[in-house]
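Trainee: Quick one: this structure, given as structure tokens, is what I'll be asking you about.
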Amino acid sequence: MMLSEAAIAEFKASLRGEVIAPSDSSYDAARNVYNAMIDRRPRLIARCADVADVMTAVKFGREQSLLVAIRGGGHNAGGLGVCDDGLVIDLSPMSYVHVDPRKKTVLVGGGALWRHVDHATHAFGLAVPSGIISTTGVAGLTLGGGIGYLTRRYGLTIDNLLAVEMVLADGRFVTANAKENADLFWAVRGGGGNFGVVTSFLFKARPVQTVYGGPMLWPLEDAAEIMRWYRSFIVKSSEDIYGFFAFHTVPPWAPFPEHLHNKKMCSIVWCYTGAMKKAAKVFRPIRGFKTPALDLAGPIPHPALQSLFDRLYPPGMQWYWKADFVGTLSDEAIAQHIKYAEKMPTPQSTMHLYPINGAVRRVKKRATPWWHREATWSQVIVGVDPDPANKEKFSTWAKEYWSALHPYSAGGAYINFMMEEGEDRIRATYGKNYDRLAKIKKRRDPTNFFRVNQNIKSK
Ligand SMILES: Cc1cc2nc3c(=O)[nH]c(=O)nc-3n(C[C@H](O)[C@H](O)[C@H](O)COP(=O)(O)OP(=O)(O)OC[C@H]3O[C@@H](n4cnc5c(N)ncnc54)[C@H](O)[C@@H]3O)c2cc1C
């Protein structure tokens with residue numbers, strides 16, 4: 001459908017935020033997302049300053065029959081925060097964070113990044129369970145579930161969500177919590193951006209300030225032994241210990257010693273949130289199992305741990321993602337892991353196993369859309385490189401690695417680690433919760449207005 005100049009002019013005039021069109025000099029910067037492999041050209045980008053702007057943008061999108069994408073932090077693997085030839089509702093100006101230290105709650109704008117939240121909460125000795133990197137958007141990560149350093153102790157990010165405010169496909173602004181619009185509150189805790197534009201999130205905050213964490217690195221030759229030890233340690237250890245396992249190449253900069261630069265290694269990145277005076281004792285058996293080639297674990301402010309990998313993974317690189325949930329890590333699976341770790345094609349390509357046990361299990365499978373609560377890990381294989389010329393090389397590696405490991409997986413994958421993989425994979429991810437999501441989708445978004453996402457087909 002043709003968009004008239006008059007309609008665009010009226011839209012611009014009715015917004016407090018900016019409307020960016022292809023002719024504007026800021027267009028390329030505004031349409032770019034974190035994954036540089038995504039190159040989409042929307043017709044308009046509405047940078048919403050407040051809820052009124054979001055309501056106007058939804059109405060405009062509907063009246064003009066535009067495809068609509070919602071952008072939070074722009075980090076999504078498959079680039080679902082931007083679309084071709086449609087309208088992007090960009091919430092990045094709405095990045096406020098209000099901490100209530102008395103109630104221990106945090107109100108966060110729909111366009112905030114986790115580093116904004118970490119900055120605001122740290123001053124009060126609090127944190128909201130999120131991921132492992134500070135540049136990710138609060139909205140996309142939360143709406144997909146949210147896995148990170150505090151998961152074993154305090155659950156997924158959605159398990160710490162108390163309420164949302166959102167603009168629905170029909171333009172209405174609603175609050176959703178356990179009592180009000182409970183169907184929506186259930187659906188947004190894992191169902192992604194399918195149900196509306198979330199303009200604010202209210203979280204429960206946890207008492208986390210300085211943790212004992214950081215990476216321990218071992219040579220690849222020790223990886224099988226480390227993985228066999230880790231697979232039983234991380235299911236038995238107390239919930240105040242988190243450690244995700246990674247294969248990676250050591251970056252050529254401090255604090256990594258020169259003799260390790262550019263070496264392929266394995267590591268466990270720890271985050272212990274228990275009493276600091278007990279930390280040395282807690283880590284004694286870990287260090288005692290096999291002395292790491294490099295041990296960087298120690299007391300660290302939570303926001304510093306959260307931003308430890310920001311330099312390694314700046315925006316603007318090419319990313320190819322493949323994911324699965326994993327229940328058990330067999331010796332056969334470990335052998336495949338080692339085979340592909342030895343072939344990591346580029347310095348930033350990696351494989352992570354994020355534990356999702358502990359507190360995650362205490363929430364029932366039907367209590368939120370997030371079905372795979374009995375899995376032990378969320379596994380992600382990512383081919384990453386700054387150079388688009390290497391795309392074939394790193395995406396082939398990721399696909400082959402994933403195919404070799406998929407037979408050992410638990411079915412489904414974390415939606416936030418998936419690119420576009422089709423309906424079967426989405427169904428496998430939501431398991432028996434899919435039908436309920438589909439019914440809510442039909443009631444709340446019958447025309448599938450919000451469809452630039454891991455789409456739920458209405459029932
Ligand atoms: C380097 C890196 C590290 C990561 N680490 C982790 C991690 O540790 N743990 C983890 O759980 N995930 C992690 N992720 C995955 C991350 O959760 C997803 O990429 C997530 O989609 C990012 O959210 P965003 O708001 O930045 O995304 P965007 O690209 O802006 O949006 C993603 C999706 O969310 C929807 N959406 C965004 N904002 C809104 C809104 N306000 N209302 C409604 N829908 C909205 C959009 O429709 C879109 O489908 C990581 C990603 C990257 C790139």
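Chain labels follow the order of the structure tokens: the first chain is A, the next B, and so on; residue numbering restarts at 1 in every chain, and ligands are counted from 1 in their shown order.
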Please give the complete set of residues from region 91-287 of chain A that DSSP, run on the backbone, assigns to helix (DSSP H, G or I), formatted as a ChimeraX atom specification.
Mentor: /A:114-122,138-144,151-154,157-160,182-188,192-194,220-236,258-260,276-287
Trainee: Could you give me, as a ChimeraX atom specification, each residue of region 225-388 of chain A that DSSP assigns to strand (DSSP E or B) when run on this structure's backbone?
Mentor: /A:241-249,264-272,294-295,298-301,317-326,350-355,377-385
Trainee: Leaving out region 9-13 of chain A and any residue of its chain fewer than 3 positions from it, which residues lie within 8 Å of it when counting only C-alpha atoms, given as a list of chain:residue names?
Mentor: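 Here the qualifying residues turn out to be A:Glu5, A:Ala6, A:Arg16, A:Glu18, A:Val19, A:Thr56, A:Ala57, A:Phe60.
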Trainee: Report as JSON lines: every residue of region 52-160 of chain A with an atom at most 12 Å from region 342-352 of chain A, its closest pair of atoms, and their distance in Å to one decimal, counting only C-alpha atoms, with rows sorted by chain and ascending residue number.
Mentor:
{"residue": "A:Ile132", "atom": "CA", "partner": "A:His352", "partner_atom": "CA", "distance": 11.1}
{"residue": "A:Ile147", "atom": "CA", "partner": "A:His352", "partner_atom": "CA", "distance": 11.9}
{"residue": "A:Gly148", "atom": "CA", "partner": "A:His352", "partner_atom": "CA", "distance": 11.5}
Trainee: Set out as JSON lines a contact list for region 286-322 of chain A and region 259-273 of chain A with a cut-off of 9 Å, giving each residue of region 286-322 of chain A that qualifies its closest atom pair and distance in Å to one decimal, counting only C-alpha atoms, ordered by chain and rising residue number.
Mentor:
{"residue": "A:Pro292", "atom": "CA", "partner": "A:Ser267", "partner_atom": "CA", "distance": 8.7}
{"residue": "A:Ala293", "atom": "CA", "partner": "A:Leu260", "partner_atom": "CA", "distance": 8.7}
{"residue": "A:Leu294", "atom": "CA", "partner": "A:Leu260", "partner_atom": "CA", "distance": 8.8}
{"residue": "A:Ala297", "atom": "CA", "partner": "A:Trp270", "partner_atom": "CA", "distance": 7.0}
{"residue": "A:His302", "atom": "CA", "partner": "A:Cys271", "partner_atom": "CA", "distance": 8.8}
{"residue": "A:Leu305", "atom": "CA", "partner": "A:Cys271", "partner_atom": "CA", "distance": 8.2}
Trainee: Quick one: which region 32-78 of chain A residues come within 7 Å of region 90-101 of chain A, and what is the nearest atom pair for each with the distance in Å to one decimal, counting only C-alpha atoms, rows ordered by chain and ascending number, as a Markdown table?
Mentor:
| residue | atom | partner | partner_atom | distance |
| --- | --- | --- | --- | --- |
| A:Ile45 | CA | A:Asp90 | CA | 6.7 |
| A:Ala46 | CA | A:Asp90 | CA | 5.7 |
| A:Arg47 | CA | A:Asp90 | CA | 4.8 |
| A:Cys48 | CA | A:Leu91 | CA | 5.4 |
| A:Ala49 | CA | A:Pro93 | CA | 5.5 |
| A:Asp50 | CA | A:Met94 | CA | 6.5 |
| A:Ile70 | CA | A:Asp90 | CA | 6.1 |
| A:Arg71 | CA | A:Asp90 | CA | 4.6 |
| A:Gly72 | CA | A:Leu91 | CA | 5.6 |
| A:Gly73 | CA | A:Ser92 | CA | 6.8 |
Trainee: Could you save those same residues with N, CA and C atoms as an mmCIF file, in the first residue's frame?
Mentor:
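And here is the file that came out, part15.cif:
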data_model
loop_
_atom_site.group_PDB
_atom_site.id
_atom_site.type_symbol
_atom_site.label_atom_id
_atom_site.label_comp_id
_atom_site.auth_asym_id
_atom_site.auth_seq_id
_atom_site.Cartn_x
_atom_site.Cartn_y
_atom_site.Cartn_z
ATOM 1 N N ILE A 45 10.700 4.482 10.758
ATOM 2 C CA ILE A 45 11.079 4.058 12.115
ATOM 3 C C ILE A 45 10.523 5.114 13.076
ATOM 4 N N ALA A 46 9.631 4.679 13.966
ATOM 5 C CA ALA A 46 9.047 5.622 14.932
ATOM 6 C C ALA A 46 9.763 5.447 16.255
ATOM 7 N N ARG A 47 10.549 6.444 16.624
ATOM 8 C CA ARG A 47 11.261 6.405 17.913
ATOM 9 C C ARG A 47 10.315 6.938 18.983
ATOM 10 N N CYS A 48 9.704 6.057 19.725
ATOM 11 C CA CYS A 48 8.636 6.468 20.639
ATOM 12 C C CYS A 48 9.202 7.021 21.951
ATOM 13 N N ALA A 49 8.700 8.217 22.322
ATOM 14 C CA ALA A 49 9.175 8.852 23.554
ATOM 15 C C ALA A 49 8.338 8.429 24.751
ATOM 16 N N ASP A 50 7.100 7.997 24.509
ATOM 17 C CA ASP A 50 6.221 7.645 25.628
ATOM 18 C C ASP A 50 5.102 6.720 25.139
ATOM 19 N N ILE A 70 8.691 -4.551 16.370
ATOM 20 C CA ILE A 70 8.913 -3.826 17.630
ATOM 21 C C ILE A 70 10.386 -3.961 17.988
ATOM 22 N N ARG A 71 11.005 -2.833 18.288
ATOM 23 C CA ARG A 71 12.425 -2.877 18.644
ATOM 24 C C ARG A 71 12.620 -2.472 20.096
ATOM 25 N N GLY A 72 13.254 -3.377 20.853
ATOM 26 C CA GLY A 72 13.643 -3.049 22.221
ATOM 27 C C GLY A 72 15.110 -2.665 22.191
ATOM 28 N N GLY A 73 15.983 -3.660 22.428
ATOM 29 C CA GLY A 73 17.423 -3.404 22.393
ATOM 30 C C GLY A 73 18.060 -3.716 21.045
#
Trainee: Give me, as number ranges by chain, all polymer residues having an atom no more than 9 Å from Asn32 (chain A), counting only C-alpha atoms and skipping those fewer than 4 positions away in the same chain.
Mentor: A: 27-28, 36, 38-40, 74, 82, 316
Trainee: Let me see the file: selected residues, C-alpha atoms, as a compact mmCIF listing (two decimals), in the first residue's frame.
Mentor:
# COMPACT_ATOMS: atom_id res chain seq x y z
CA TYR A 27 18.20 6.21 8.69
CA ASP A 28 21.06 3.72 8.38
CA ALA A 36 25.13 -7.03 11.05
CA ILE A 38 20.53 -8.49 9.14
CA ASP A 39 20.08 -5.79 6.50
CA ARG A 40 16.45 -4.69 6.44
CA GLY A 74 17.83 -4.58 18.78
CA VAL A 82 13.42 -4.62 12.36
CA GLY A 316 28.05 -4.79 14.15
Trainee: So that I can see what lies close to Lys364 (chain A), please list as a PyMOL selection string the residues with an atom at most 12 Å from it, counting only C-alpha atoms and leaving out residues fewer than 5 positions away in the same chain.
Mentor: chain A and resi 155+159+359+369-374+433
Trainee: Taking only C-alpha atoms and all ligand atoms into account, name the residue in A:Pro314, A:Pro42, A:Gly137, A:Gly327 that is nearest to ligand 1.
Mentor: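 The answer is A:Gly137, which sits nearest to ligand 1.
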Trainee: What is the distance between CA of Pro301 (chain A) and CA of Met317 (chain A), in Å to one decimal?
Mentor: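 Taking CA of Pro301 (chain A) and CA of Met317 (chain A), their separation equals 27.6 Å.
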Trainee: Would you mind listing what lies within 10 Å of Ile334 (chain A) as a ChimeraX atom specification, with only C-alpha atoms counted and same-chain residues fewer than 3 positions away left out?
Mentor: /A:223-225,227-228,329-331,337-339,405
Trainee: From the options A:Ala176, A:Leu156, A:Ala182, A:Ala438, which residue's atoms come nearest to Tyr354 (chain A), counting only C-alpha atoms?
Mentor: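 Smallest distance to Tyr354 (chain A) is found for A:Leu156.
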